[in-house]
file structure.cif (mmCIF, C-alpha atoms)
data_coords
loop_
_atom_site.label_atom_id
_atom_site.label_comp_id
_atom_site.auth_asym_id
_atom_site.auth_seq_id
_atom_site.Cartn_x
_atom_site.Cartn_y
_atom_site.Cartn_z
CA MET A 28 0.00 0.00 0.00
CA GLY A 29 1.46 3.33 -1.07
CA PHE A 30 1.71 6.54 0.93
CA LEU A 31 -1.36 8.09 -0.72
CA SER A 32 -3.45 4.99 -0.06
CA ARG A 33 -2.43 4.91 3.61
CA TRP A 34 -3.22 8.61 3.96
CA LYS A 35 -6.67 8.11 2.44
CA GLU A 36 -7.33 5.13 4.70
CA LYS A 37 -6.34 7.06 7.83
CA LYS A 38 -8.46 10.01 6.78
CA LYS A 39 -11.42 7.73 6.14
CA GLN A 40 -10.96 6.08 9.54
CA LYS A 41 -10.72 9.44 11.29
CA LEU A 42 -13.90 10.68 9.60
CA ALA A 43 -15.68 7.49 10.62
CA GLU A 44 -14.59 7.98 14.25
CA GLN A 45 -15.75 11.59 14.22
CA GLN A 46 -19.09 10.57 12.78
CA GLU A 47 -19.50 7.88 15.43
CA LEU A 48 -18.73 10.37 18.20
CA ALA A 49 -21.23 12.83 16.73
CA GLU A 50 -23.90 10.13 16.57
CA GLN A 51 -23.19 9.08 20.16
CA ARG A 52 -23.53 12.69 21.22
CA GLN A 53 -26.87 13.04 19.46
CA ARG A 54 -28.13 9.82 21.04
CA GLN A 55 -27.14 11.12 24.47
CA ILE A 56 -28.88 14.44 23.83
CA ARG A 57 -32.05 12.60 22.80
CA VAL A 58 -31.91 10.66 26.06
CA TRP A 59 -31.63 13.90 28.06
CA GLN A 60 -34.51 15.38 26.09
CA THR A 61 -36.88 12.46 26.60
CA GLU A 62 -35.87 10.56 29.76
CA ASP A 63 -37.99 10.50 32.90
CA LEU A 64 -36.61 13.30 35.06
CA SER A 65 -38.61 12.17 38.07
CA GLN A 66 -36.15 9.29 38.50
CA TYR A 67 -33.56 11.83 39.67
CA ALA A 68 -35.83 13.65 42.15
CA ALA A 69 -34.03 13.74 45.49
CA LYS A 70 -33.24 15.96 48.44
CA ILE A 71 -29.87 17.71 48.38
CA ASP A 72 -27.72 17.09 51.40
CA GLY A 73 -26.71 20.32 53.09
CA LEU A 74 -29.41 22.48 51.48
CA ILE A 75 -32.79 23.27 52.99
CA LEU A 76 -35.31 22.84 50.20
CA LYS A 77 -38.88 24.03 50.12
CA LYS A 78 -41.90 21.78 50.35
CA ASN A 79 -42.16 19.61 47.23
CA GLU A 80 -38.78 20.88 46.02
CA TYR A 81 -36.30 18.25 44.83
CA GLY A 82 -32.90 18.24 43.21
CA TYR A 83 -32.59 16.92 39.66
CA LEU A 84 -28.99 17.60 38.68
CA ALA A 85 -25.69 18.43 40.38
CA ILE A 86 -22.75 19.94 38.50
CA PRO A 87 -19.57 19.44 40.56
CA GLU A 88 -17.68 22.18 38.72
CA LEU A 89 -16.91 25.75 39.70
CA ILE A 90 -19.63 27.71 37.93
CA THR A 91 -19.67 31.50 38.04
CA TRP A 92 -22.76 33.66 38.48
CA ASN A 93 -22.22 36.85 36.43
CA GLU A 94 -24.38 39.95 36.13
CA ASP A 95 -24.35 43.04 33.94
CA ARG A 96 -23.15 46.24 35.58
CA THR A 97 -23.70 49.58 33.83
CA ARG A 98 -21.47 52.57 34.53
CA THR A 99 -22.37 56.11 33.46
CA LYS A 100 -19.52 58.53 32.81
CA ARG A 101 -19.93 62.29 32.27
CA VAL A 102 -17.94 63.79 29.42
CA ASN A 103 -17.57 67.60 29.04
CA TYR A 104 -16.80 69.05 25.63
CA ALA A 105 -15.98 72.67 24.86
CA GLY A 106 -15.72 74.13 21.38
CA PRO A 107 -13.89 77.34 20.33
CA THR A 108 -14.49 80.18 22.82
CA ALA A 109 -13.59 83.85 23.09
CA SER A 110 -13.66 86.43 25.88
CA ILE A 111 -14.52 90.11 25.15
CA HIS A 112 -13.57 92.75 27.73
CA ILE A 113 -16.43 95.20 28.24
CA MET A 114 -15.42 97.09 31.34
CA LYS A 115 -13.48 96.61 34.53
CA GLY A 116 -14.67 93.44 36.20
CA LEU A 117 -16.97 92.50 33.31
CA ASN A 118 -16.14 90.17 30.43
CA TYR A 119 -18.40 88.59 27.85
CA ARG A 120 -17.61 84.97 26.97
CA VAL A 121 -18.79 83.44 23.71
CA GLY A 122 -18.42 79.89 22.43
CA SER A 123 -20.04 76.45 22.83
CA VAL A 124 -19.94 73.95 25.68
CA SER A 125 -21.76 70.59 25.78
CA VAL A 126 -22.08 67.79 28.34
CA ASN A 127 -22.46 64.18 27.22
CA THR A 128 -22.79 60.92 29.12
CA GLU A 129 -21.28 57.60 28.17
CA LYS A 130 -22.72 54.32 29.41
CA THR A 131 -20.60 51.18 29.49
CA THR A 132 -21.81 47.73 30.48
CA LYS A 133 -19.48 45.13 31.95
CA ILE A 134 -20.04 41.54 32.97
CA VAL A 135 -19.09 41.21 36.64
CA PRO A 136 -18.65 37.91 38.53
CA ILE A 137 -20.87 37.76 41.61
CA PHE A 138 -20.48 34.25 43.04
CA THR A 139 -18.75 30.97 42.20
CA GLY A 140 -19.66 27.46 43.32
CA ALA A 141 -21.03 24.04 42.44
CA VAL A 142 -24.47 24.09 40.79
CA PHE A 143 -27.59 22.26 41.89
CA LEU A 144 -30.74 22.35 39.77
CA THR A 145 -34.08 21.78 41.50
CA ASN A 146 -37.63 22.10 40.24
CA LYS A 147 -37.88 25.52 41.91
CA ARG A 148 -34.40 27.04 42.07
CA ILE A 149 -30.84 27.02 40.79
CA PHE A 150 -28.29 26.91 43.62
CA LEU A 151 -24.63 27.85 43.56
CA VAL A 152 -22.85 26.50 46.63
CA ASN A 153 -19.34 26.83 47.99
CA HIS A 154 -17.69 26.60 51.42
CA GLN A 155 -18.63 30.22 52.18
CA GLY A 156 -22.35 29.90 51.52
CA SER A 157 -24.86 29.73 48.68
CA LYS A 158 -26.92 31.82 46.27
CA ALA A 159 -30.17 30.85 44.59
CA ILE A 160 -32.13 31.85 41.49
CA ASN A 161 -35.89 31.31 41.55
CA LEU A 162 -37.07 29.57 38.39
CA SER A 163 -40.49 31.19 38.68
CA GLY A 164 -39.00 34.55 37.70
CA ILE A 165 -37.22 33.32 34.56
CA VAL A 166 -38.94 34.25 31.28
CA GLN A 167 -36.22 33.31 28.79
CA ILE A 168 -32.98 31.35 28.61
CA ILE A 169 -30.26 31.40 25.98
CA PRO A 170 -28.16 28.22 26.13
CA TYR A 171 -24.46 28.15 25.29
CA THR A 172 -22.02 25.26 25.11
CA ASP A 173 -20.28 26.45 28.29
CA GLY A 174 -23.09 28.26 30.08
CA VAL A 175 -26.52 29.84 29.94
CA ALA A 176 -28.03 33.33 30.01
CA LEU A 177 -31.09 33.76 32.23
CA PHE A 178 -33.54 36.61 31.68
CA ARG A 179 -35.98 37.47 34.45
CA GLU A 180 -39.17 39.49 34.63
CA SER A 181 -37.29 42.04 36.69
CA GLY A 182 -33.68 42.47 37.60
CA LYS A 183 -30.43 42.08 35.73
CA ARG A 184 -29.55 39.35 33.28
CA ILE A 185 -27.68 36.45 34.89
CA LEU A 186 -24.93 34.56 33.08
CA LEU A 187 -23.84 31.18 34.42
CA THR A 188 -20.44 30.35 32.95
CA GLY A 189 -17.66 27.84 33.46
CA PHE A 190 -19.35 24.58 32.41
CA SER A 191 -17.11 22.10 30.65
CA ASP A 192 -20.31 20.98 28.91
CA ALA A 193 -23.57 22.79 29.66
CA GLU A 194 -25.77 20.72 27.33
CA ARG A 195 -27.37 18.48 29.95
CA PHE A 196 -27.94 21.33 32.39
CA ASN A 197 -29.59 23.50 29.73
CA ILE A 198 -31.83 20.68 28.53
CA TYR A 199 -32.97 19.81 32.06
CA LEU A 200 -33.51 23.49 32.89
CA GLN A 201 -35.64 24.03 29.79
CA ARG A 202 -37.68 20.91 30.52
CA ILE A 203 -38.28 21.90 34.14
CA LEU A 204 -39.32 25.41 33.10
CA ASN A 205 -41.79 23.79 30.68
CA ASN A 206 -42.96 21.39 33.39
CA ASP A 207 -41.77 18.46 31.28
CA TYR A 208 -40.67 15.71 33.65
CA GLY A 209 -41.45 12.66 31.54
CA LEU A 210 -43.26 9.65 32.96
CA ILE A 211 -45.99 10.17 35.51
CA ALA A 212 -45.71 8.61 38.94
CA GLU A 213 -48.04 5.70 38.14
CA GLU A 214 -46.01 4.68 35.10
CA LYS A 215 -42.84 4.96 37.11
CA SER A 216 -44.12 2.75 39.91
CA GLN A 217 -45.11 0.07 37.40
CA ASN A 218 -41.60 -0.07 35.94
CA LYS A 219 -39.43 -0.61 39.00
CA THR A 220 -36.24 -2.48 38.32
CA THR A 221 -34.60 -5.11 40.46
CA THR A 222 -32.05 -2.48 41.49
CA GLN A 223 -34.81 -0.22 42.77
CA MET A 224 -36.43 -3.00 44.76
CA SER A 225 -33.13 -3.89 46.42
CA GLN A 226 -32.55 -0.23 47.27
CA GLU A 227 -35.97 0.03 48.90
CA SER A 228 -35.13 -3.01 50.94
CA ASN A 229 -31.76 -1.52 51.90
CA ALA A 230 -33.32 1.79 52.97
CA SER A 231 -35.91 0.10 55.14
CA GLU A 232 -33.58 -2.41 56.78
CA ILE A 233 -31.03 -0.05 58.34
CA GLN A 234 -30.69 -1.18 61.92
CA LYS A 235 -28.64 -0.17 64.92
CA LYS A 236 -25.74 -2.42 65.77
CA GLU A 237 -25.59 -3.93 69.21
CA ILE A 238 -23.00 -2.44 71.59
CA SER A 239 -20.93 -4.84 73.65
CA ASN A 240 -20.30 -4.06 77.31
CA ASP A 241 -16.56 -3.88 76.70
CA ASP A 242 -16.77 -1.39 73.83
CA PRO A 243 -13.99 1.15 74.55
CA ARG A 244 -16.17 3.99 73.27
CA LEU A 245 -18.42 3.72 76.31
CA GLN A 246 -15.81 5.76 78.19
CA PHE A 247 -16.89 8.78 76.16
CA SER A 248 -20.54 8.57 77.23
CA GLU A 249 -20.33 11.88 79.11
CA SER A 250 -19.88 13.58 75.74
CA PHE A 251 -23.01 11.99 74.25
CA THR A 252 -25.21 15.08 74.29
CA VAL A 253 -28.76 15.13 72.94
CA ALA A 254 -29.89 17.75 70.42
CA LYS A 255 -32.98 19.92 70.70
CA ASP A 256 -36.36 18.40 69.89
CA THR A 257 -36.66 20.53 66.75
CA ALA A 258 -33.33 19.21 65.44
CA ILE A 259 -34.35 15.62 66.15
CA LYS A 260 -37.70 16.15 64.43
CA ARG A 261 -35.97 17.55 61.34
CA ALA A 262 -33.61 14.55 61.28
CA GLU A 263 -36.59 12.19 61.47
CA GLU A 264 -38.23 13.99 58.54
CA LEU A 265 -35.09 13.57 56.45
CA CYS A 266 -35.10 9.84 57.16
CA LYS A 267 -38.68 9.62 55.94
CA GLU A 268 -37.86 11.56 52.79
CA ASP A 269 -35.06 9.15 51.92
CA LYS A 270 -37.59 6.78 50.41
CA LEU A 271 -37.40 9.06 47.36
CA TYR A 272 -33.91 7.77 46.71
CA ALA A 273 -35.08 4.20 46.98
CA ASN A 274 -37.58 4.88 44.19
CA ASN A 275 -35.01 6.34 41.80
CA ASN A 276 -34.05 4.40 38.70
CA THR A 277 -30.29 4.44 39.12
CA ASP A 278 -29.47 2.07 36.27
CA LEU A 279 -28.60 5.00 34.00
CA ASP A 280 -26.64 7.04 36.54
CA PRO A 281 -23.92 5.45 38.72
CA GLU A 282 -23.68 8.61 40.82
CA MET A 283 -27.35 8.42 41.75
CA ALA A 284 -26.86 4.76 42.68
CA VAL A 285 -24.24 5.78 45.24
CA ILE A 286 -26.43 8.59 46.57
CA ALA A 287 -29.38 6.22 46.88
CA TYR A 288 -27.25 3.85 48.94
CA VAL A 289 -25.41 6.23 51.28
CA LEU A 290 -27.91 8.99 51.99
CA PRO A 291 -30.43 6.93 54.03
CA ILE A 292 -27.56 5.63 56.17
CA TYR A 293 -26.06 9.10 56.54
CA HIS A 294 -29.35 10.61 57.70
CA TYR A 295 -30.11 7.69 59.99
CA ALA A 296 -26.68 8.07 61.61
CA ASP A 297 -27.31 11.79 62.04
CA LEU A 298 -30.61 11.00 63.76
CA LEU A 299 -28.86 8.62 66.15
CA TYR A 300 -26.21 11.26 66.81
CA LYS A 301 -28.82 13.88 67.66
CA LYS A 302 -30.57 11.42 69.98
CA GLY A 303 -27.32 10.91 71.90
CA GLU A 304 -26.59 7.45 70.50
CA TRP A 305 -23.12 8.35 69.33
CA ILE A 306 -21.59 4.88 69.17
CA GLN A 307 -24.30 3.59 66.84
CA ALA A 308 -24.04 6.77 64.78
CA GLU A 309 -20.28 6.32 64.45
CA ASP A 310 -20.70 2.75 63.23
CA GLN A 311 -23.20 3.82 60.58
CA TRP A 312 -21.03 6.68 59.35
CA LEU A 313 -17.91 4.52 59.23
CA SER A 314 -19.75 2.04 57.01
CA ILE A 315 -20.22 4.67 54.27
CA LEU A 316 -17.05 6.73 54.73
CA PRO A 317 -15.40 5.37 51.54
CA LYS A 318 -18.42 6.31 49.39
CA MET A 319 -19.36 9.63 51.03
CA PRO A 320 -16.01 10.83 52.37
CA ASN A 321 -16.44 14.61 52.47
CA HIS A 322 -19.64 14.83 54.54
CA VAL A 323 -19.06 11.73 56.67
CA GLY A 324 -15.43 12.70 57.30
CA GLU A 325 -16.53 16.05 58.71
CA LYS A 326 -19.25 14.50 60.87
CA LEU A 327 -16.83 12.00 62.40
CA ALA A 328 -14.15 14.66 62.86
CA ILE A 329 -16.60 16.83 64.82
CA MET A 330 -17.60 13.86 66.96
CA TYR A 331 -14.00 12.87 67.70
CA ARG A 332 -13.03 16.38 68.72
CA LYS A 333 -15.92 16.53 71.19
CA GLU A 334 -14.75 13.20 72.61
CA LYS A 335 -11.14 14.51 72.79
CA ARG A 336 -10.04 11.85 70.30
CA TYR A 337 -7.66 14.26 68.60
CA ARG A 338 -5.52 11.65 66.85
CA ASN A 339 -8.64 9.90 65.56
CA GLU A 340 -9.82 13.22 64.17
CA VAL A 341 -6.62 13.62 62.14
CA GLU A 342 -6.80 9.99 61.03
CA VAL A 343 -10.38 10.17 59.78
CA ILE A 344 -9.69 13.42 57.92
CA ASN A 345 -6.67 11.85 56.19
CA ALA A 346 -8.70 8.77 55.30
CA ALA A 347 -11.60 10.87 53.99
CA ILE A 348 -9.30 12.99 51.81
CA LYS A 349 -7.85 9.83 50.31
CA TYR A 350 -11.32 8.42 49.66
CA THR A 351 -12.37 11.60 47.81
CA GLU A 352 -9.91 10.70 45.05
CA HIS A 353 -12.21 7.86 43.97
CA ALA A 354 -15.60 9.14 45.14
CA VAL A 355 -18.42 10.16 42.81
CA PRO A 356 -18.29 13.88 41.92
CA ILE A 357 -20.87 15.08 44.45
CA TYR A 358 -18.81 13.61 47.31
CA ALA A 359 -15.33 14.28 45.88
CA HIS A 360 -14.78 17.81 47.21
CA SER A 361 -12.09 17.93 49.89
CA ASP A 362 -11.66 21.70 50.45
CA SER A 363 -13.39 21.78 53.83
CA LEU A 364 -11.52 18.66 54.94
CA MET A 365 -8.19 20.23 54.03
CA MET A 366 -9.08 23.34 56.02
CA ARG A 367 -10.09 21.26 59.02
CA LYS A 368 -6.95 19.13 58.81
CA THR A 369 -4.64 22.03 59.65
CA LYS A 370 -6.56 22.90 62.81
CA ALA A 371 -6.85 19.24 63.82
CA GLN A 372 -3.10 18.68 63.52
CA SER A 373 -2.37 21.76 65.61
CA LEU A 374 -4.88 20.65 68.23
CA LEU A 375 -3.32 17.19 68.41
CA SER A 376 0.13 18.66 68.96
CA ALA A 377 -1.13 21.03 71.66
CA LYS A 378 -3.26 18.46 73.51
CA LEU A 379 -1.26 15.30 73.02
CA ASP A 380 -1.34 14.53 76.75
CA GLU A 381 -5.14 14.83 76.81
CA ASP A 382 -5.74 12.67 73.75
CA LYS A 383 -8.22 9.82 74.31
CA SER A 384 -8.05 8.24 70.86
CA ILE A 385 -8.63 4.52 70.43
CA VAL A 386 -7.74 2.11 67.65
CA THR A 387 -10.25 2.77 64.88
CA LYS A 388 -10.30 1.28 61.40
CA PHE A 389 -11.04 3.76 58.64
#

call {"tool": "encode", "arguments": {"input": "structure.cif", "output": "structure tokens"}}
result
Amino acid sequence: MGFLSRWKEKKKQKLAEQQELAEQRQRQIRVWQTEDLSQYAAKIDGLILKKNEYGYLAIPELITWNEDRTRTKRVNYAGPTASIHIMKGLNYRVGSVSVNTEKTTKIVPIFTGAVFLTNKRIFLVNHQGSKAINLSGIVQIIPYTDGVALFRESGKRILLTGFSDAERFNIYLQRILNNDYGLIAEEKSQNKTTTQMSQESNASEIQKKEISNDDPRLQFSESFTVAKDTAIKRAEELCKEDKLYANNNTDLDPEMAVIAYVLPIYHYADLLYKKGEWIQAEDQWLSILPKMPNHVGEKLAIMYRKEKRYRNEVEVINAAIKYTEHAVPIYAHSDSLMMRKTKAQSLLSAKLDEDKSIVTKF
């Protein structure tokens, strides 16, 4: 085969690969446009959602909220002028003077964080806080490959930028604005998969582990405080809401499968913790630390510090940071853990003689 023939063959192969990628992309877009969005409906850990508000998509990238800012500048212009002396102390000035204004509009970044799309709001969240955009006020969107422009009934235009690929977000946003969620609840309930059924069973079978009389953690019982009734009630409500995850079809989304597994356990452990059952809570959290390292790592670190287990606090933070390397995107952020690690190490050095850590497997 000559050089020209090989070149033609490579070019043909490259074109075929490009065509295949384009077709795959179009198939994926059609899935996003037609799939049942209700399968993703879930509460968002760490955010207080409104009644009947559920999360449908999380974008674990740093997305920037931008707004237009207009600045008005005054410009004075003077044409040719002349001054005529009339008498002492009196002059007559002739000429032309005009005043103009110039308006310039700049795009200014307002907030940066991970994005969560619900059926009522768009959230941007970072370690400093969160900002939200109400979907009810949006009258038009202009999608871009790396972002979206949101136009509201009142207020400035909002630009969300920084997406590596904004296609899925824009499709879901448009569908939610049009109240297009796909299958109705009855159809969904009739099409449960084996995976869903096993998840329902898993969510309903979470049980407290028995504590042996020689468990070394019993020595920390004086630290086992009980939260306020309102906090306990809220934790109980979250446990009830976790059945939504059990009903999600996670076959198409591995990340949702992880969320469906860990979140009921996480909330149940938090309920035990608030009720003062810290040992059982610790066991539950430890069981999901590898899959939900950022949130569980912080919860355990807080518990260990209260129990004066300073070395254990450092150990669980280190373990959690390592687990984030392989966690699904929503649980892969380690910024808050890194910040806590510095303080934990300093505390361990300062209170080494007071440390009550025990052997714990992370």

call {"tool": "closest_residue", "arguments": {"input": "structure.cif", "among": "A:Arg338, A:Gly174, A:Tyr331, A:Val343", "to": "A:Pro317", "atoms": "all atoms listed in the file"}}
result
A:Val343

call {"tool": "residues_near_point", "arguments": {"input": "structure.cif", "point": "(-15.3, 7.7, 38.0)", "cutoff": "9 Å", "atoms": "only C-alpha atoms", "output": "PyMOL selection string"}}
result
chain A and resi 281-282+353-356

call {"tool": "atom_distance", "arguments": {"input": "structure.cif", "atom1": "atom CA of A:Ile306", "atom2": "atom CA of A:Arg244"}}
result
6.9 Å

call {"tool": "atom_distance", "arguments": {"input": "structure.cif", "atom1": "atom CA of A:Thr99", "atom2": "atom CA of A:Tyr171"}}
result
29.2 Å

call {"tool": "residues_around", "arguments": {"input": "structure.cif", "residues": "stretch 359-362 of chain A", "least_positions_apart": "3", "cutoff": "12 Å", "atoms": "only C-alpha atoms", "output": "CSV table (one decimal) with C-alpha atoms, keeping the file's coordinate frame"}}
result
chain,number,residue,atom,x,y,z
A,86,ILE,CA,-22.8,19.9,38.5
A,87,PRO,CA,-19.6,19.4,40.6
A,88,GLU,CA,-17.7,22.2,38.7
A,89,LEU,CA,-16.9,25.8,39.7
A,140,GLY,CA,-19.7,27.5,43.3
A,141,ALA,CA,-21.0,24.0,42.4
A,152,VAL,CA,-22.8,26.5,46.6
A,153,ASN,CA,-19.3,26.8,48.0
A,154,HIS,CA,-17.7,26.6,51.4
A,155,GLN,CA,-18.6,30.2,52.2
A,282,GLU,CA,-23.7,8.6,40.8
A,316,LEU,CA,-17.0,6.7,54.7
A,317,PRO,CA,-15.4,5.4,51.5
A,318,LYS,CA,-18.4,6.3,49.4
A,319,MET,CA,-19.4,9.6,51.0
A,320,PRO,CA,-16.0,10.8,52.4
A,321,ASN,CA,-16.4,14.6,52.5
A,322,HIS,CA,-19.6,14.8,54.5
A,323,VAL,CA,-19.1,11.7,56.7
A,324,GLY,CA,-15.4,12.7,57.3
A,325,GLU,CA,-16.5,16.0,58.7
A,344,ILE,CA,-9.7,13.4,57.9
A,345,ASN,CA,-6.7,11.8,56.2
A,346,ALA,CA,-8.7,8.8,55.3
A,347,ALA,CA,-11.6,10.9,54.0
A,348,ILE,CA,-9.3,13.0,51.8
A,349,LYS,CA,-7.8,9.8,50.3
A,350,TYR,CA,-11.3,8.4,49.7
A,351,THR,CA,-12.4,11.6,47.8
A,352,GLU,CA,-9.9,10.7,45.0
A,353,HIS,CA,-12.2,7.9,44.0
A,354,ALA,CA,-15.6,9.1,45.1
A,355,VAL,CA,-18.4,10.2,42.8
A,356,PRO,CA,-18.3,13.9,41.9
A,365,MET,CA,-8.2,20.2,54.0
A,366,MET,CA,-9.1,23.3,56.0
A,367,ARG,CA,-10.1,21.3,59.0
A,368,LYS,CA,-7.0,19.1,58.8
A,369,THR,CA,-4.6,22.0,59.6

call {"tool": "atom_distance", "arguments": {"input": "structure.cif", "atom1": "atom CA of A:Phe138", "atom2": "atom CA of A:Gly189"}}
result
11.9 Å
